[in-house]
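Engineer: Before I ask anything, here is the structure I am working with.
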Amino acid sequence: MAATLPIPVYTNLEDVYQNLGTSLKHAERWDNLAREFKTKFGRTPAYIARAPGRINLIGEHIDYSLFGVFPTAIEHDILIACAPRTPANVNDYTPGHVVAENLQRKYPRQVFMPTRKLSVGPLPRKEADVPADAVHIDTWHLDIHTTPLGWEGYVKAGYYGVLNHYFNPELNGPDSSPVPVDLLVTGAVPAGSGLSSSAAMVVSSTLAFLAVNGILEDPTIAPTKGTLVEMAVENERRVGVNSGGMDQAASVISLAGSALYISFFPKLSAETILLPGPRPSYPSLPSATLVCANSLVVSDKAVHAKYQYNLRVVESLGAARVLAVHLGVKVGPRERITLRQVMARFIGEPVDQTEENVDMVREGLERMVQAVECLKPEGAGDGDQLGVTLETMIEWSGMGEILFKDVYLSWVEVETAYFQLYKRAKHCYSEALRVLQFRNVCLTAERLPAAYQGTSVFEVLGKLMNESQESCSKLYECTCPEVDELAQLALAAGAYGSRVTGAGWGGCTVSLVNEAQVDAFISKIKASYSPYRDLEGEALQEVIFATKPSSGVCVYKFTE
């Protein structure tokens, strides 16, 4: 499986470039980053770590409910050049000290250093010769200011995971310390665009600190791609975002030329899926490409999380608890059961299963799409308020107020008058079903190329994308007027399908477009979407562009 593969470390740039696609001037960007690093720090970098952004073809806001999603990495990425500092090349050689620079001048230089907290008491391993009142070194600490959240916060978040996984005094000894590091960041993933710039920043930061401390090249401790995904998910929570793992998995695990079906239950797994199109044995098959269009409405997850992203997490968890009560599904008193787990117990999936049974899941989702009707307030009809107050949600959960708030609200800040349990559950189950339908179409087209005539395979996929857009807009309410407008303009310009991609509330749409018509499609969007009309050249290419599926993370090691 792709998640068990090692993180690639290259020493030949040609091996790097051949997997990245052609829409960006990759060699020029990498060379420029290395030159700038030498200018700023007086030496060649030891490594460049790359983490791409991603687009999600279908399966929005269902990963944290543990349902499968269908993303792919894109060519646009975050690059971090880095090198360990030694006494020979600088005066300051404090262990763990970091000097972080950014090629974008609006982001100032940042200097920081982790510290270890001291605590009193026996060590967790309870050694007999350690007194109960002993003072010992605890875990690492870095100050991350989330309001406002600076660019260095994402770098620190990535560093945190490396510190606590690989320099833990309990596991690695009290003298285990990271090397001091200089690093330089550049990025081609627009912030707040819905292309997972934040996940790419955290993943690339994690990767850079792993590389510069020699961890990736030690096979006894080097993380697999799946382990890196888990670390990155944990790390992004340091900046206040409760991510489900899709963004990180797509950035880490993707393979060039393929999308991924990523499932999270019963465990993280990733299946490489070829998108329909020409191949050596069928070169005459029609071809489509993906076009990303930035609405230019910036979505800042960390700032707006309490009534957008994090609220949806809580609503989905609350819906799962209430639905479990309605369906008679057994739930532990402090368990935060997900919608996927409710379904698993309701349809009787084996508790000891190690892999997902896709056919069983599909049948279960068809049942759950109907079962969620019980979450509507009694007597509610079209146009009525379908949400419930906190008091009603607590009552329906069967939990007391103190326990409910401790389990569901003590760890995250949310703000709303009504919790939309029905809408969120309806979206999650119907969207998860569309993901499996999308997957099945792609697999059928790969196995039986003649199963679809002409461009009909893209029309089927486009229809599923359009249904997803409608659900994101009306049920999950994670779009915005500009995104809805872009999706409609894309269909008018000839796209097979178009939908929001990413966290939403702004950001990008992804459209499936006939490859031969991409230039004409972009011209039509430029003429019809008012924020684009005065943009030309590179300015236009930054906000609307075609992309093919790219490879995931990698590290280039300088050998001279």
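Residues in the structure tokens are numbered from 1 in each chain, the chains being A, B, ... in the order shown, and ligands are numbered from 1 in the order shown.
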When DSSP is applied to the backbone of this structure, which of region 160-369 of chain A are assigned alpha helix (DSSP H)? Write them out as a VMD selection string.
Structural biologist: chain A and resid 160 to 166 169 to 172 197 to 212 225 to 236 246 to 253 301 to 304 309 to 327 339 to 347 358 to 369
Engineer: Could you pull out the strand (DSSP E) residues of region 232-381 of chain A, going by DSSP on the backbone, and write them as a PyMOL selection string?
Structural biologist: chain A and resi 258-263+269-274+288-294
Engineer: Skipping near chain neighbours, those fewer than 5 positions away, what residues fall within 12 Å of Tyr17 (chain A) using only C-alpha atoms, listed as a PyMOL selection string?
Structural biologist: chain A and resi 10-12+22-30+50+75+256+550-551+554-556
Engineer: Between A:Ser204, A:Gln308, A:Thr416, A:Thr44, which one has atoms that come closest to Trp505 (chain A), using only C-alpha atoms?
Structural biologist: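 With only C-alpha atoms as the atom set, the closest residue is A:Gln308.
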Engineer: I want to know what sits within 6 Å of Asn235 (chain A), based on only C-alpha atoms, with residues of the same chain fewer than 2 positions away left out; could you give that as an MDAnalysis selection string?
Structural biologist: chainID A and resid 157:158 161 232:233 237:238
Engineer: Keeping only N, CA and C atoms, take the residues you just selected and write them out as a PDB file, in the first residue's frame.
Structural biologist:
```
ATOM      1  N   ALA A 157       4.774  24.338  14.060  1.00  0.00           N
ATOM      2  CA  ALA A 157       3.880  23.190  14.218  1.00  0.00           C
ATOM      3  C   ALA A 157       4.532  21.917  13.687  1.00  0.00           C
ATOM      4  N   GLY A 158       5.189  22.034  12.517  1.00  0.00           N
ATOM      5  CA  GLY A 158       5.902  20.885  11.977  1.00  0.00           C
ATOM      6  C   GLY A 158       7.055  20.462  12.860  1.00  0.00           C
ATOM      7  N   GLY A 161       6.191  18.174  16.099  1.00  0.00           N
ATOM      8  CA  GLY A 161       6.065  16.727  15.961  1.00  0.00           C
ATOM      9  C   GLY A 161       7.397  16.025  15.940  1.00  0.00           C
ATOM     10  N   ALA A 232       1.726  14.858  10.696  1.00  0.00           N
ATOM     11  CA  ALA A 232       1.314  16.154  10.155  1.00  0.00           C
ATOM     12  C   ALA A 232      -0.087  16.537  10.632  1.00  0.00           C
ATOM     13  N   VAL A 233      -0.991  15.559  10.713  1.00  0.00           N
ATOM     14  CA  VAL A 233      -2.337  15.836  11.240  1.00  0.00           C
ATOM     15  C   VAL A 233      -2.239  16.334  12.681  1.00  0.00           C
ATOM     16  N   ARG A 237      -2.884  20.519  14.305  1.00  0.00           N
ATOM     17  CA  ARG A 237      -3.761  20.872  15.427  1.00  0.00           C
ATOM     18  C   ARG A 237      -3.096  21.891  16.345  1.00  0.00           C
ATOM     19  N   ARG A 238      -1.767  21.995  16.261  1.00  0.00           N
ATOM     20  CA  ARG A 238      -1.048  22.994  17.066  1.00  0.00           C
ATOM     21  C   ARG A 238      -1.423  24.414  16.665  1.00  0.00           C
TER      22      ARG A 238
END
```
Engineer: Excluding same-chain residues fewer than 2 positions from Ala100 (chain A), what lies within 12 Å of it counting only C-alpha atoms, as a PyMOL selection string?
Structural biologist: chain A and resi 37+40-41+80-83+97-98+102-103+107-113+151-156+159+180-186+205+208-209
Engineer: Applying 8 Å and only C-alpha atoms, which residues near region 387-401 of chain A remain after dropping the ones on its own chain fewer than 3 positions away? List them as a list of chain:residue names.
Structural biologist: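 So the residues in contact are A:Gly318, A:Arg321, A:Val322, A:Val325, A:Pro333, A:Lys376, A:Pro377, A:Phe404, A:Lys405, A:Ala417, A:Tyr418, A:Phe419, A:Gln420, A:Leu421, A:Tyr422.
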Engineer: Please produce a file of the residues just selected, as a CSV table (one decimal), in the first residue's frame, where the atoms kept are all heavy atoms.
Structural biologist:
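For reference, result.csv as written:
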```csv
chain,number,residue,atom,x,y,z
A,318,GLY,N,-21.7,15.6,16.9
A,318,GLY,CA,-23.0,15.7,17.6
A,318,GLY,C,-24.1,14.9,16.9
A,318,GLY,O,-24.9,14.2,17.5
A,321,ARG,N,-23.6,11.2,17.5
A,321,ARG,CA,-24.0,10.7,18.9
A,321,ARG,C,-25.6,10.6,18.9
A,321,ARG,O,-26.1,9.6,19.4
A,321,ARG,CB,-23.5,11.7,19.9
A,321,ARG,CG,-24.2,11.6,21.3
A,321,ARG,CD,-23.8,10.3,22.0
A,321,ARG,NE,-22.5,10.3,22.5
A,321,ARG,CZ,-22.0,9.5,23.5
A,321,ARG,NH1,-22.9,8.7,24.1
A,321,ARG,NH2,-20.8,9.5,23.8
A,322,VAL,N,-26.2,11.6,18.4
A,322,VAL,CA,-27.7,11.6,18.4
A,322,VAL,C,-28.3,10.5,17.5
A,322,VAL,O,-29.2,9.8,17.9
A,322,VAL,CB,-28.3,13.0,18.0
A,322,VAL,CG1,-29.8,13.0,17.8
A,322,VAL,CG2,-27.9,14.1,19.0
A,325,VAL,N,-28.1,7.2,19.2
A,325,VAL,CA,-29.2,7.0,20.2
A,325,VAL,C,-30.5,6.6,19.4
A,325,VAL,O,-31.2,5.7,19.9
A,325,VAL,CB,-29.4,8.3,21.0
A,325,VAL,CG1,-30.6,8.2,21.8
A,325,VAL,CG2,-28.2,8.6,21.8
A,333,PRO,N,-19.8,6.0,27.2
A,333,PRO,CA,-20.2,7.3,27.8
A,333,PRO,C,-19.3,8.5,27.4
A,333,PRO,O,-19.9,9.6,27.3
A,333,PRO,CB,-20.2,7.0,29.3
A,333,PRO,CG,-19.3,5.8,29.5
A,333,PRO,CD,-19.5,5.0,28.2
A,376,LYS,N,-34.2,15.4,11.8
A,376,LYS,CA,-35.0,16.6,11.6
A,376,LYS,C,-35.8,16.9,12.8
A,376,LYS,O,-36.4,16.0,13.4
A,376,LYS,CB,-35.9,16.4,10.4
A,376,LYS,CG,-35.3,16.6,9.0
A,376,LYS,CD,-36.3,16.5,7.9
A,376,LYS,CE,-35.8,16.7,6.5
A,376,LYS,NZ,-36.8,16.5,5.5
A,377,PRO,N,-35.9,18.2,13.2
A,377,PRO,CA,-36.9,18.5,14.3
A,377,PRO,C,-38.3,18.1,13.9
A,377,PRO,O,-38.7,18.1,12.8
A,377,PRO,CB,-36.8,20.1,14.4
A,377,PRO,CG,-35.4,20.4,13.8
A,377,PRO,CD,-35.2,19.4,12.7
A,404,PHE,N,-21.7,16.1,28.4
A,404,PHE,CA,-21.7,16.5,27.0
A,404,PHE,C,-20.7,17.6,26.7
A,404,PHE,O,-19.9,17.5,25.7
A,404,PHE,CB,-23.1,16.9,26.5
A,404,PHE,CG,-23.2,17.2,25.1
A,404,PHE,CD1,-23.6,16.2,24.2
A,404,PHE,CD2,-22.9,18.4,24.6
A,404,PHE,CE1,-23.7,16.4,22.8
A,404,PHE,CE2,-23.0,18.7,23.2
A,404,PHE,CZ,-23.4,17.7,22.3
A,405,LYS,N,-20.8,18.6,27.4
A,405,LYS,CA,-19.9,19.8,27.2
A,405,LYS,C,-18.4,19.4,27.4
A,405,LYS,O,-17.5,19.8,26.6
A,405,LYS,CB,-20.2,20.9,28.1
A,405,LYS,CG,-21.5,21.6,27.7
A,405,LYS,CD,-21.8,22.8,28.6
A,405,LYS,CE,-23.1,23.5,28.1
A,405,LYS,NZ,-23.4,24.7,29.0
A,417,ALA,N,-26.1,29.5,17.1
A,417,ALA,CA,-27.3,29.5,17.8
A,417,ALA,C,-28.0,28.1,17.6
A,417,ALA,O,-28.7,27.6,18.4
A,417,ALA,CB,-28.3,30.6,17.4
A,418,TYR,N,-27.8,27.5,16.4
A,418,TYR,CA,-28.4,26.3,16.0
A,418,TYR,C,-27.4,25.3,15.4
A,418,TYR,O,-26.6,25.7,14.6
A,418,TYR,CB,-29.5,26.5,15.0
A,418,TYR,CG,-30.7,27.2,15.5
A,418,TYR,CD1,-30.8,28.6,15.4
A,418,TYR,CD2,-31.8,26.6,16.2
A,418,TYR,CE1,-31.9,29.3,15.8
A,418,TYR,CE2,-32.9,27.3,16.7
A,418,TYR,CZ,-32.9,28.6,16.5
A,418,TYR,OH,-34.0,29.3,17.0
A,419,PHE,N,-27.4,24.1,15.9
A,419,PHE,CA,-26.5,23.0,15.4
A,419,PHE,C,-27.3,22.3,14.3
A,419,PHE,O,-28.3,21.7,14.6
A,419,PHE,CB,-26.1,22.1,16.6
A,419,PHE,CG,-25.2,22.8,17.5
A,419,PHE,CD1,-25.7,23.6,18.6
A,419,PHE,CD2,-23.8,22.7,17.5
A,419,PHE,CE1,-24.9,24.2,19.5
A,419,PHE,CE2,-23.0,23.3,18.4
A,419,PHE,CZ,-23.5,24.1,19.4
A,420,GLN,N,-26.7,22.3,13.1
A,420,GLN,CA,-27.4,21.7,12.0
A,420,GLN,C,-27.1,20.2,11.9
A,420,GLN,O,-26.4,19.7,10.9
A,420,GLN,CB,-27.1,22.4,10.7
A,420,GLN,CG,-27.4,23.9,10.7
A,420,GLN,CD,-28.9,24.2,10.7
A,420,GLN,OE1,-29.7,23.3,10.4
A,420,GLN,NE2,-29.3,25.4,11.1
A,421,LEU,N,-27.6,19.4,12.7
A,421,LEU,CA,-27.3,18.0,12.8
A,421,LEU,C,-27.8,17.2,11.5
A,421,LEU,O,-27.1,16.4,10.9
A,421,LEU,CB,-27.9,17.3,14.0
A,421,LEU,CG,-27.6,18.0,15.4
A,421,LEU,CD1,-28.1,17.1,16.5
A,421,LEU,CD2,-26.1,18.2,15.5
A,422,TYR,N,-29.0,17.5,11.1
A,422,TYR,CA,-29.6,16.8,10.0
A,422,TYR,C,-28.8,17.1,8.7
A,422,TYR,O,-28.4,16.2,8.0
A,422,TYR,CB,-31.1,17.1,9.8
A,422,TYR,CG,-31.6,16.7,8.5
A,422,TYR,CD1,-31.9,15.4,8.2
A,422,TYR,CD2,-31.9,17.7,7.5
A,422,TYR,CE1,-32.4,15.0,6.9
A,422,TYR,CE2,-32.4,17.3,6.2
A,422,TYR,CZ,-32.6,16.0,6.0
A,422,TYR,OH,-33.1,15.6,4.7
```
Engineer: If you measure from CA of His165 (chain A) to CA of Phe264 (chain A), what distance in Å do you get, rounded to one decimal?
Structural biologist: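 Computing the Euclidean distance for CA of His165 (chain A) and CA of Phe264 (chain A) yields 22.1 Å.
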Engineer: Using only C-alpha atoms, determine which residues lie at most 9 Å from Glu542 (chain A), disregarding the query and same-chain residues fewer than 6 positions distant; provide the list as a list of chain:residue names.
Structural biologist: A:Ala188, A:Pro190, A:Asn294
Engineer: Just N, CA, C and O atoms for this one: save the residues we selected as a short mmCIF file (atom, residue, chain, number, x, y, z; two decimals), in the first residue's frame.
Structural biologist:
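Result went into again33.cif, see below:
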```cif
data_model
loop_
_atom_site.label_atom_id
_atom_site.label_comp_id
_atom_site.auth_asym_id
_atom_site.auth_seq_id
_atom_site.Cartn_x
_atom_site.Cartn_y
_atom_site.Cartn_z
N ALA A 188 4.17 28.08 -3.82
CA ALA A 188 3.35 28.39 -4.98
C ALA A 188 1.89 28.02 -4.76
O ALA A 188 1.10 28.05 -5.68
N PRO A 190 -1.44 29.20 -3.19
CA PRO A 190 -2.00 30.44 -2.62
C PRO A 190 -2.64 30.20 -1.25
O PRO A 190 -3.40 29.24 -1.07
N ASN A 294 -9.44 30.19 -8.49
CA ASN A 294 -9.46 30.80 -7.17
C ASN A 294 -10.53 31.90 -7.13
O ASN A 294 -10.49 32.84 -7.92
#
```
Engineer: Which residues of region 134-209 of chain A have any atom within 10 Å of an atom in region 283-293 of chain A when counting only C-alpha atoms, and what is the closest pair of atoms for each, with the distance in Å to one decimal? Order the rows by chain and rising number and write it as JSON lines.
Structural biologist:
```
{"residue": "A:Ser193", "atom": "CA", "partner": "A:Ala293", "partner_atom": "CA", "distance": 9.1}
{"residue": "A:Gly194", "atom": "CA", "partner": "A:Cys292", "partner_atom": "CA", "distance": 10.0}
{"residue": "A:Leu195", "atom": "CA", "partner": "A:Cys292", "partner_atom": "CA", "distance": 9.0}
```
Engineer: For CA of Ala380 (chain A) and CA of Ser468 (chain A), quote the distance in Å rounded to one decimal.
Structural biologist: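 Computing it gives 24.1 Å between the two atoms.
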Engineer: Rounded to one decimal place, report the CA of Glu101 (chain A)-CA of Val189 (chain A) distance in Å.
Structural biologist: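 We find that CA of Glu101 (chain A) and CA of Val189 (chain A) lie 17.3 Å from each other.
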Engineer: Which one of A:Pro178, A:Ile58, A:Phe521, A:Thr86 sits closest to Pro114 (chain A) if you count only C-alpha atoms?
Structural biologist: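 Selected residue with least distance to Pro114 (chain A): A:Pro178.
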